[in-house]
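Following: one structure in structure tokens, then a few remarks.
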Amino acid sequence: MALTPGHRSPAGERYRTFDPGAAILRCFQCHSTGPLRLAAGFRIEPSEPGVQCEACHGPGAEHASSLKSIRNPKRLSANEINDLCGACHRKPAAAGDDTDWTNPWNTRHQPLYLAESACFRKSKGKLSCLTCHAAHTPLDRSAAGYDRTCSGCHARPRHRTAVTGRACAACHMPVVEPQANLRFANHWIGVYTGGKPLRPIARP
Ligand code: HEC
Ligand code: HEC
Ligand code: HEC
Ligand code: HEC
Ligand code: HEC
Ligand code: HEC
């Protein structure tokens, strides 16, 4: 439908195993699980392709052989979950980082944006990725479940704007399209106006 982001032609890009920038090794850090092996012809072979159990639960061999306990992310705090998911989806900004909030590509970094929201900052650790997303099932693309989650904390939001018939996220987590056919929900939950979906208006 369109060029893969970062590619310059439909022929694709050639990544060299021992490139000084190590670009291809970094791909595997987020797109495979476990250590990498070097196979014939300097091909990189991952232990397991994709995001598998141990990417989130940590090493599991001892758990499988002797039922020793394993990491259960349910016990992590909201900030720790941002860091866990942020290892691949990008972490919140550290003090002193200057994120370019006008760059639509940055909205793909959900932990970074969520951490800016009043919902996250002012809910005393009650809001994390897991409040809205189940870790083991595909992304829910229907609005009803998210609406229920919002209403769990905002039973009666004060609106002057007409809101009936529209999803909460449609206005408060607007879609950003950095290139054709590629869409991200802006995880900086807030009040957006004037067709500007990158950054919410400042509120007292
Ligand atoms: C810091 C972690 C990270 C690195 C490094 C990374 N990716 Fe990704 N990639 C992701 C995440 C997270 C997504 C899912 C995007 C989303 O929906 O938010 C993704 C999505 C993709 C997709 C689309 C997958 C799909 O199912 O739609 C492709 C293809 C891809 N990456 C290829 C690459 C390649 C090639 C590299 C190396 C040049 C790379 N990635 C480096 C984290 C990473
Ligand atoms: C993307 C991260 C991620 C991956 C990958 C993942 N999990 Fe989980 N898992 C979680 C989180 C977060 C929780 C805690 C929240 C919950 O219970 O849904 C959890 C909880 C669990 C629990 C405990 C449920 C409970 O009721 O306490 C089990 C068992 C589990 N995962 C098994 C697996 C297995 C097996 C795999 C691989 C097939 C896997 N997980 C892959 C993130 C992940
Ligand atoms: C090891 C890296 C890694 C970790 C850790 C990780 N993710 Fe992901 N996640 C990815 C990649 C890569 C994709 C897209 C391609 C794929 O499914 O392999 C993805 C896809 C997703 C999607 C589906 C996006 C879509 O467009 O369908 C959601 C939602 C998601 N992750 C949420 C989470 C949450 C919540 C956590 C923390 C509990 C988490 N991820 C932890 C790498 C990771
Ligand atoms: C865990 C509870 C929680 C959840 C879930 C939650 N919020 Fe919030 N939200 C808060 C808190 C706390 C505030 C700050 C209220 C204040 O300043 O008094 C807030 C503030 C807001 C604001 C005002 C933003 C601003 O910049 O002042 C909006 C709009 C909002 N939430 C919408 C939503 C929407 C839409 C959802 C669902 C996608 C949602 N919230 C989910 C707790 C939550
Ligand atoms: C208040 C609810 C809420 C929270 C909290 C939340 N998300 Fe989402 N997320 C959504 C909604 C709504 C969508 C858009 C779903 C759709 O496309 O229909 C979404 C979509 C996504 C996607 C798909 C790509 C995109 O950006 O549209 C990924 C990946 C994702 N979320 C990861 C995360 C991670 C990681 C966290 C924790 C930092 C997180 N989300 C926290 C509501 C939430
Ligand atoms: C049509 C767009 C739209 C929809 C749909 C919408 N909102 Fe709003 N929301 C706004 C606007 C704009 C404001 C700023 C106040 C105003 O002008 O009404 C606002 C304000 C808020 C506030 C801050 C109010 C305060 O007291 O500070 C919260 C919380 C909120 N909305 C939550 C929600 C929830 C939860 C839903 C879904 C049930 C929702 N909104 C649906 C546009 C919308």
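Chain labels run A, B, ... following the order of the structure tokens; each chain numbers its residues from 1, and ligands are numbered from 1 in the order shown.
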
Could you list the protein, DNA and RNA residues that have any atom within 6 Å of ligand 5, counting only C-alpha atoms and all ligand atoms, and write them as a PDB file with all heavy atoms, in the first residue's frame?
ATOM      1  N   ASN A  82       5.130   1.196  32.153  1.00  0.00           N
ATOM      2  CA  ASN A  82       5.579   2.078  31.062  1.00  0.00           C
ATOM      3  C   ASN A  82       6.985   1.690  30.615  1.00  0.00           C
ATOM      4  O   ASN A  82       7.302   1.709  29.429  1.00  0.00           O
ATOM      5  CB  ASN A  82       5.608   3.537  31.532  1.00  0.00           C
ATOM      6  CG  ASN A  82       4.383   4.312  31.071  1.00  0.00           C
ATOM      7  OD1 ASN A  82       3.646   3.852  30.206  1.00  0.00           O
ATOM      8  ND2 ASN A  82       4.181   5.478  31.645  1.00  0.00           N
ATOM      9  N   CYS A  85       6.834  -2.007  28.758  1.00  0.00           N
ATOM     10  CA  CYS A  85       6.307  -1.904  27.391  1.00  0.00           C
ATOM     11  C   CYS A  85       7.181  -0.936  26.592  1.00  0.00           C
ATOM     12  O   CYS A  85       7.403  -1.114  25.400  1.00  0.00           O
ATOM     13  CB  CYS A  85       4.861  -1.423  27.398  1.00  0.00           C
ATOM     14  SG  CYS A  85       3.780  -2.356  28.521  1.00  0.00           S
ATOM     15  N   HIS A  89       8.206  -0.045  22.848  1.00  0.00           N
ATOM     16  CA  HIS A  89       7.316   1.020  22.347  1.00  0.00           C
ATOM     17  C   HIS A  89       7.852   2.407  22.696  1.00  0.00           C
ATOM     18  O   HIS A  89       7.183   3.397  22.439  1.00  0.00           O
ATOM     19  CB  HIS A  89       5.905   0.835  22.899  1.00  0.00           C
ATOM     20  CG  HIS A  89       5.220  -0.399  22.365  1.00  0.00           C
ATOM     21  ND1 HIS A  89       4.534  -0.419  21.177  1.00  0.00           N
ATOM     22  CD2 HIS A  89       5.158  -1.668  22.841  1.00  0.00           C
ATOM     23  CE1 HIS A  89       4.058  -1.633  20.947  1.00  0.00           C
ATOM     24  NE2 HIS A  89       4.416  -2.421  21.936  1.00  0.00           N
ATOM     25  N   ARG A 108       3.995   7.344  17.579  1.00  0.00           N
ATOM     26  CA  ARG A 108       4.050   5.890  17.680  1.00  0.00           C
ATOM     27  C   ARG A 108       4.658   5.445  19.007  1.00  0.00           C
ATOM     28  O   ARG A 108       4.680   4.266  19.310  1.00  0.00           O
ATOM     29  CB  ARG A 108       4.833   5.292  16.514  1.00  0.00           C
ATOM     30  CG  ARG A 108       6.347   5.452  16.602  1.00  0.00           C
ATOM     31  CD  ARG A 108       6.978   5.000  15.280  1.00  0.00           C
ATOM     32  NE  ARG A 108       8.427   4.885  15.310  1.00  0.00           N
ATOM     33  CZ  ARG A 108       9.272   5.896  15.182  1.00  0.00           C
ATOM     34  NH1 ARG A 108       8.797   7.153  15.079  1.00  0.00           N
ATOM     35  NH2 ARG A 108      10.557   5.698  15.186  1.00  0.00           N
ATOM     36  N   GLN A 110       3.850   5.228  22.355  1.00  0.00           N
ATOM     37  CA  GLN A 110       2.697   5.376  23.255  1.00  0.00           C
ATOM     38  C   GLN A 110       3.076   5.674  24.706  1.00  0.00           C
ATOM     39  O   GLN A 110       2.456   6.545  25.327  1.00  0.00           O
ATOM     40  CB  GLN A 110       1.802   4.127  23.173  1.00  0.00           C
ATOM     41  CG  GLN A 110       1.174   3.899  21.801  1.00  0.00           C
ATOM     42  CD  GLN A 110       2.070   3.097  20.867  1.00  0.00           C
ATOM     43  OE1 GLN A 110       3.150   2.662  21.258  1.00  0.00           O
ATOM     44  NE2 GLN A 110       1.629   2.897  19.640  1.00  0.00           N
ATOM     45  N   PRO A 111       4.112   5.000  25.279  1.00  0.00           N
ATOM     46  CA  PRO A 111       4.430   5.305  26.691  1.00  0.00           C
ATOM     47  C   PRO A 111       4.867   6.759  26.884  1.00  0.00           C
ATOM     48  O   PRO A 111       4.518   7.397  27.883  1.00  0.00           O
ATOM     49  CB  PRO A 111       5.576   4.332  27.012  1.00  0.00           C
ATOM     50  CG  PRO A 111       5.377   3.195  26.049  1.00  0.00           C
ATOM     51  CD  PRO A 111       4.883   3.849  24.779  1.00  0.00           C
ATOM     52  N   LEU A 114       1.561   8.834  26.720  1.00  0.00           N
ATOM     53  CA  LEU A 114       0.666   8.595  27.857  1.00  0.00           C
ATOM     54  C   LEU A 114       1.198   9.293  29.111  1.00  0.00           C
ATOM     55  O   LEU A 114       0.427   9.876  29.882  1.00  0.00           O
ATOM     56  CB  LEU A 114       0.520   7.083  28.117  1.00  0.00           C
ATOM     57  CG  LEU A 114      -0.427   6.740  29.276  1.00  0.00           C
ATOM     58  CD1 LEU A 114      -1.869   7.112  28.928  1.00  0.00           C
ATOM     59  CD2 LEU A 114      -0.334   5.262  29.655  1.00  0.00           C
ATOM     60  N   LEU A 127      -3.451   4.337  36.437  1.00  0.00           N
ATOM     61  CA  LEU A 127      -3.600   4.193  34.983  1.00  0.00           C
ATOM     62  C   LEU A 127      -2.301   3.661  34.372  1.00  0.00           C
ATOM     63  O   LEU A 127      -1.236   4.247  34.535  1.00  0.00           O
ATOM     64  CB  LEU A 127      -3.935   5.556  34.344  1.00  0.00           C
ATOM     65  CG  LEU A 127      -4.214   5.524  32.846  1.00  0.00           C
ATOM     66  CD1 LEU A 127      -5.496   4.767  32.540  1.00  0.00           C
ATOM     67  CD2 LEU A 127      -4.303   6.938  32.276  1.00  0.00           C
ATOM     68  N   SER A 128      -2.404   2.519  33.695  1.00  0.00           N
ATOM     69  CA  SER A 128      -1.233   1.982  32.987  1.00  0.00           C
ATOM     70  C   SER A 128      -1.711   1.432  31.653  1.00  0.00           C
ATOM     71  O   SER A 128      -2.912   1.402  31.370  1.00  0.00           O
ATOM     72  CB  SER A 128      -0.567   0.865  33.802  1.00  0.00           C
ATOM     73  OG  SER A 128      -1.258  -0.356  33.623  1.00  0.00           O
ATOM     74  N   CYS A 129      -0.773   0.964  30.842  1.00  0.00           N
ATOM     75  CA  CYS A 129      -1.123   0.346  29.563  1.00  0.00           C
ATOM     76  C   CYS A 129      -2.180  -0.750  29.775  1.00  0.00           C
ATOM     77  O   CYS A 129      -3.060  -0.950  28.943  1.00  0.00           O
ATOM     78  CB  CYS A 129       0.102  -0.298  28.908  1.00  0.00           C
ATOM     79  SG  CYS A 129       1.570   0.755  28.860  1.00  0.00           S
ATOM     80  N   THR A 131      -4.594  -0.928  31.868  1.00  0.00           N
ATOM     81  CA  THR A 131      -5.960  -0.473  32.141  1.00  0.00           C
ATOM     82  C   THR A 131      -6.785  -0.566  30.852  1.00  0.00           C
ATOM     83  O   THR A 131      -7.980  -0.828  30.889  1.00  0.00           O
ATOM     84  CB  THR A 131      -5.949   1.000  32.626  1.00  0.00           C
ATOM     85  OG1 THR A 131      -4.931   1.150  33.610  1.00  0.00           O
ATOM     86  CG2 THR A 131      -7.281   1.408  33.206  1.00  0.00           C
ATOM     87  N   CYS A 132      -6.157  -0.343  29.710  1.00  0.00           N
ATOM     88  CA  CYS A 132      -6.879  -0.318  28.432  1.00  0.00           C
ATOM     89  C   CYS A 132      -6.551  -1.493  27.519  1.00  0.00           C
ATOM     90  O   CYS A 132      -7.324  -1.797  26.619  1.00  0.00           O
ATOM     91  CB  CYS A 132      -6.587   0.978  27.675  1.00  0.00           C
ATOM     92  SG  CYS A 132      -7.142   2.470  28.533  1.00  0.00           S
ATOM     93  N   ARG A 141     -10.159  -3.067  18.517  1.00  0.00           N
ATOM     94  CA  ARG A 141     -10.381  -1.912  17.639  1.00  0.00           C
ATOM     95  C   ARG A 141     -11.806  -1.384  17.698  1.00  0.00           C
ATOM     96  O   ARG A 141     -12.206  -0.551  16.886  1.00  0.00           O
ATOM     97  CB  ARG A 141     -10.009  -2.261  16.193  1.00  0.00           C
ATOM     98  CG  ARG A 141      -8.509  -2.473  16.031  1.00  0.00           C
ATOM     99  CD  ARG A 141      -8.030  -2.149  14.626  1.00  0.00           C
ATOM    100  NE  ARG A 141      -6.588  -2.273  14.557  1.00  0.00           N
ATOM    101  CZ  ARG A 141      -5.736  -1.278  14.766  1.00  0.00           C
ATOM    102  NH1 ARG A 141      -6.185  -0.067  15.041  1.00  0.00           N
ATOM    103  NH2 ARG A 141      -4.444  -1.482  14.703  1.00  0.00           N
ATOM    104  N   SER A 142     -12.606  -1.860  18.669  1.00  0.00           N
ATOM    105  CA  SER A 142     -13.943  -1.288  18.815  1.00  0.00           C
ATOM    106  C   SER A 142     -13.903  -0.276  19.950  1.00  0.00           C
ATOM    107  O   SER A 142     -13.152  -0.426  20.910  1.00  0.00           O
ATOM    108  CB  SER A 142     -14.965  -2.389  19.102  1.00  0.00           C
ATOM    109  OG  SER A 142     -14.731  -2.912  20.391  1.00  0.00           O
ATOM    110  N   TYR A 146     -13.064   0.893  25.355  1.00  0.00           N
ATOM    111  CA  TYR A 146     -12.302   2.069  25.794  1.00  0.00           C
ATOM    112  C   TYR A 146     -13.246   3.082  26.451  1.00  0.00           C
ATOM    113  O   TYR A 146     -12.915   3.688  27.460  1.00  0.00           O
ATOM    114  CB  TYR A 146     -11.560   2.711  24.622  1.00  0.00           C
ATOM    115  CG  TYR A 146     -10.560   1.785  23.952  1.00  0.00           C
ATOM    116  CD1 TYR A 146     -10.794   1.244  22.693  1.00  0.00           C
ATOM    117  CD2 TYR A 146      -9.367   1.441  24.598  1.00  0.00           C
ATOM    118  CE1 TYR A 146      -9.886   0.400  22.078  1.00  0.00           C
ATOM    119  CE2 TYR A 146      -8.447   0.587  23.998  1.00  0.00           C
ATOM    120  CZ  TYR A 146      -8.708   0.070  22.738  1.00  0.00           C
ATOM    121  OH  TYR A 146      -7.804  -0.773  22.149  1.00  0.00           O
ATOM    122  N   ALA A 169     -12.400   8.372  22.840  1.00  0.00           N
ATOM    123  CA  ALA A 169     -11.051   8.418  22.284  1.00  0.00           C
ATOM    124  C   ALA A 169     -11.005   9.190  20.964  1.00  0.00           C
ATOM    125  O   ALA A 169      -9.982   9.784  20.626  1.00  0.00           O
ATOM    126  CB  ALA A 169     -10.496   7.004  22.106  1.00  0.00           C
ATOM    127  N   PHE A 184      -1.832   6.204  14.170  1.00  0.00           N
ATOM    128  CA  PHE A 184      -1.603   5.972  15.593  1.00  0.00           C
ATOM    129  C   PHE A 184      -2.602   6.793  16.391  1.00  0.00           C
ATOM    130  O   PHE A 184      -2.933   7.916  16.013  1.00  0.00           O
ATOM    131  CB  PHE A 184      -0.181   6.380  15.985  1.00  0.00           C
ATOM    132  CG  PHE A 184       0.870   5.547  15.298  1.00  0.00           C
ATOM    133  CD1 PHE A 184       1.519   6.015  14.158  1.00  0.00           C
ATOM    134  CD2 PHE A 184       1.184   4.284  15.765  1.00  0.00           C
ATOM    135  CE1 PHE A 184       2.470   5.241  13.508  1.00  0.00           C
ATOM    136  CE2 PHE A 184       2.135   3.501  15.123  1.00  0.00           C
ATOM    137  CZ  PHE A 184       2.770   3.982  13.993  1.00  0.00           C
ATOM    138  N   ALA A 185      -3.059   6.212  17.516  1.00  0.00           N
ATOM    139  CA  ALA A 185      -3.911   6.969  18.429  1.00  0.00           C
ATOM    140  C   ALA A 185      -2.983   7.768  19.333  1.00  0.00           C
ATOM    141  O   ALA A 185      -2.075   7.198  19.935  1.00  0.00           O
ATOM    142  CB  ALA A 185      -4.770   6.011  19.253  1.00  0.00           C
TER     143      ALA A 185
END

Original post:
Within 9 Å of ligand 4, counting only C-alpha atoms and all ligand atoms: which residues, as a PyMOL selection string?
Top reply: chain A and resi 117-128+131-132+146-154+157+167-173+187-192+200-204

Subject >> Cut-off 12 Å, only C-alpha atoms and all ligand atoms, neighbours of ligand 1 as JSON, numbers by chain >> reply: {"A": [2, 3, 4, 5, 6, 7, 12, 13, 14, 15, 16, 17, 19, 21, 22, 23, 24, 25, 26, 27, 28, 29, 30, 31, 32, 50, 51, 83, 84, 85, 86, 87, 88, 89, 90, 91, 105, 106, 107, 108, 109, 110, 111, 112, 138, 139, 181, 182, 183, 184, 185, 186, 187]}

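Nearest residue to ligand 6 among A:Ala144, A:Ala162, A:Met1, A:Ala93 is A:Ala162, counting only C-alpha atoms and all ligand atoms.
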
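With only C-alpha atoms and all ligand atoms as the basis for measurement, A:Cys53 is the residue among A:Cys53, A:Leu76, A:Ile70, A:Leu38 that approaches ligand 2 most closely.
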
Subject >> Atom-to-atom span, atom 21 (C, counted along the ligand's line) of ligand 2 and atom CA of A:Arg71, Å >> reply: 8.7 Å

**OP:** Write out as a list in words each polymer residue whose atoms come within 8 Å of A:Trp101, counting only C-alpha atoms; drop sequence neighbours fewer than 2 positions from it.
**Re:** Thr99, Asn103, Pro104, Asn106, Leu198 and Arg199 of chain A

Could you give me the residues within 6 Å of ligand 2, counting only C-alpha atoms and all ligand atoms, as an mmCIF file with all heavy atoms, in the first residue's frame?
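Here's the written file part.cif:
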data_model
loop_
_atom_site.group_PDB
_atom_site.id
_atom_site.type_symbol
_atom_site.label_atom_id
_atom_site.label_comp_id
_atom_site.auth_asym_id
_atom_site.auth_seq_id
_atom_site.Cartn_x
_atom_site.Cartn_y
_atom_site.Cartn_z
ATOM 1 N N VAL A 51 7.441 -11.279 19.386
ATOM 2 C CA VAL A 51 7.385 -10.931 20.814
ATOM 3 C C VAL A 51 6.781 -12.127 21.555
ATOM 4 O O VAL A 51 5.578 -12.334 21.521
ATOM 5 C CB VAL A 51 6.536 -9.668 21.040
ATOM 6 C CG1 VAL A 51 6.536 -9.273 22.511
ATOM 7 C CG2 VAL A 51 7.073 -8.513 20.185
ATOM 8 N N GLN A 52 7.637 -12.932 22.180
ATOM 9 C CA GLN A 52 7.173 -14.159 22.833
ATOM 10 C C GLN A 52 7.141 -13.978 24.350
ATOM 11 O O GLN A 52 7.551 -12.953 24.883
ATOM 12 C CB GLN A 52 8.086 -15.334 22.442
ATOM 13 C CG GLN A 52 8.299 -15.483 20.941
ATOM 14 C CD GLN A 52 7.024 -15.794 20.164
ATOM 15 O OE1 GLN A 52 6.005 -16.173 20.744
ATOM 16 N NE2 GLN A 52 7.065 -15.611 18.856
ATOM 17 N N CYS A 53 6.658 -15.029 25.023
ATOM 18 C CA CYS A 53 6.418 -14.960 26.478
ATOM 19 C C CYS A 53 7.559 -14.295 27.243
ATOM 20 O O CYS A 53 7.340 -13.431 28.094
ATOM 21 C CB CYS A 53 6.212 -16.351 27.066
ATOM 22 S SG CYS A 53 5.168 -17.451 26.094
ATOM 23 N N ALA A 55 9.752 -12.191 26.517
ATOM 24 C CA ALA A 55 9.998 -10.757 26.302
ATOM 25 C C ALA A 55 9.378 -9.952 27.443
ATOM 26 O O ALA A 55 9.889 -8.905 27.826
ATOM 27 C CB ALA A 55 9.421 -10.305 24.957
ATOM 28 N N CYS A 56 8.262 -10.406 27.986
ATOM 29 C CA CYS A 56 7.606 -9.680 29.082
ATOM 30 C C CYS A 56 7.766 -10.377 30.430
ATOM 31 O O CYS A 56 7.726 -9.724 31.469
ATOM 32 C CB CYS A 56 6.115 -9.504 28.798
ATOM 33 S SG CYS A 56 5.775 -8.511 27.334
ATOM 34 N N ASN A 72 5.543 -11.583 37.061
ATOM 35 C CA ASN A 72 4.162 -11.309 36.642
ATOM 36 C C ASN A 72 3.968 -9.797 36.596
ATOM 37 O O ASN A 72 3.917 -9.138 37.624
ATOM 38 C CB ASN A 72 3.167 -11.939 37.611
ATOM 39 C CG ASN A 72 1.723 -11.746 37.114
ATOM 40 O OD1 ASN A 72 1.474 -10.932 36.232
ATOM 41 N ND2 ASN A 72 0.790 -12.494 37.675
ATOM 42 N N PRO A 73 3.876 -9.234 35.381
ATOM 43 C CA PRO A 73 3.802 -7.763 35.263
ATOM 44 C C PRO A 73 2.597 -7.165 35.973
ATOM 45 O O PRO A 73 2.561 -5.953 36.191
ATOM 46 C CB PRO A 73 3.705 -7.531 33.752
ATOM 47 C CG PRO A 73 4.165 -8.792 33.122
ATOM 48 C CD PRO A 73 3.845 -9.892 34.077
ATOM 49 N N LYS A 74 1.623 -7.993 36.343
ATOM 50 C CA LYS A 74 0.477 -7.470 37.086
ATOM 51 C C LYS A 74 0.927 -6.800 38.385
ATOM 52 O O LYS A 74 0.270 -5.898 38.889
ATOM 53 C CB LYS A 74 -0.467 -8.640 37.410
ATOM 54 C CG LYS A 74 -1.843 -8.210 37.816
ATOM 55 C CD LYS A 74 -2.917 -9.237 37.515
ATOM 56 C CE LYS A 74 -2.736 -10.531 38.297
ATOM 57 N NZ LYS A 74 -3.810 -11.495 37.931
ATOM 58 N N ALA A 134 -5.291 -5.609 27.032
ATOM 59 C CA ALA A 134 -4.978 -6.933 27.570
ATOM 60 C C ALA A 134 -3.706 -7.401 26.873
ATOM 61 O O ALA A 134 -3.582 -7.298 25.660
ATOM 62 C CB ALA A 134 -6.122 -7.889 27.297
ATOM 63 N N ALA A 135 -2.753 -7.911 27.669
ATOM 64 C CA ALA A 135 -1.438 -8.201 27.101
ATOM 65 C C ALA A 135 -1.449 -9.388 26.140
ATOM 66 O O ALA A 135 -0.587 -9.500 25.286
ATOM 67 C CB ALA A 135 -0.432 -8.442 28.226
ATOM 68 N N HIS A 136 -2.415 -10.294 26.291
ATOM 69 C CA HIS A 136 -2.333 -11.551 25.538
ATOM 70 C C HIS A 136 -3.270 -11.635 24.352
ATOM 71 O O HIS A 136 -3.386 -12.686 23.722
ATOM 72 C CB HIS A 136 -2.617 -12.741 26.474
ATOM 73 C CG HIS A 136 -1.659 -12.830 27.617
ATOM 74 N ND1 HIS A 136 -2.021 -13.150 28.889
ATOM 75 C CD2 HIS A 136 -0.318 -12.618 27.670
ATOM 76 C CE1 HIS A 136 -0.970 -13.133 29.688
ATOM 77 N NE2 HIS A 136 0.076 -12.810 28.973
#

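Among the candidates A:Thr137, A:Ser9, A:Ser66, A:Ser77, the one nearest to ligand 3 when counting only C-alpha atoms and all ligand atoms is A:Thr137.
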
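With atom CA of A:Thr33 on one side and atom 5 (C, counted along the ligand's line) of ligand 3 on the other, the separation reads 9.5 Å.
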
Original post:
Quick one, how far is atom CA of A:Gly195 from atom CA of A:Ala155?
Top reply: 26.1 Å

**OP:** Going by DSSP on the backbone, which bits of stretch 3-199 of chain A are strand (DSSP E)? Write them as a list of chain:residue names, please.
**Re:** A:Ser32, A:Thr33, A:Gly34, A:Pro35, A:Leu36, A:Arg37, A:Leu38, A:Ala39, A:Arg43, A:Ile44, A:Glu45, A:Pro46, A:Ser47, A:Glu48, A:Pro49, A:Val175, A:Val176, A:Glu177, A:Pro178, A:Gln179, A:Leu182, A:Arg183, A:Phe184, A:Ala185

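Distances to A:Glu80 were evaluated for A:Pro92, A:Glu48, A:Ala143, A:Arg37 using only C-alpha atoms, and the minimum falls at A:Pro92.
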
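When only C-alpha atoms and all ligand atoms are used to measure the gap to ligand 3, the shortest distance among A:Glu116, A:Glu62, A:Glu54, A:Asp97 belongs to A:Glu54.
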
Subject >> DSSP-assigned alpha helix (DSSP H) members of chain A, reported as an MDAnalysis selection string >> reply: chainID A and resid 23:31 53:57 61:66 78:89 110:114 118:121 129:132 143:153 168:172
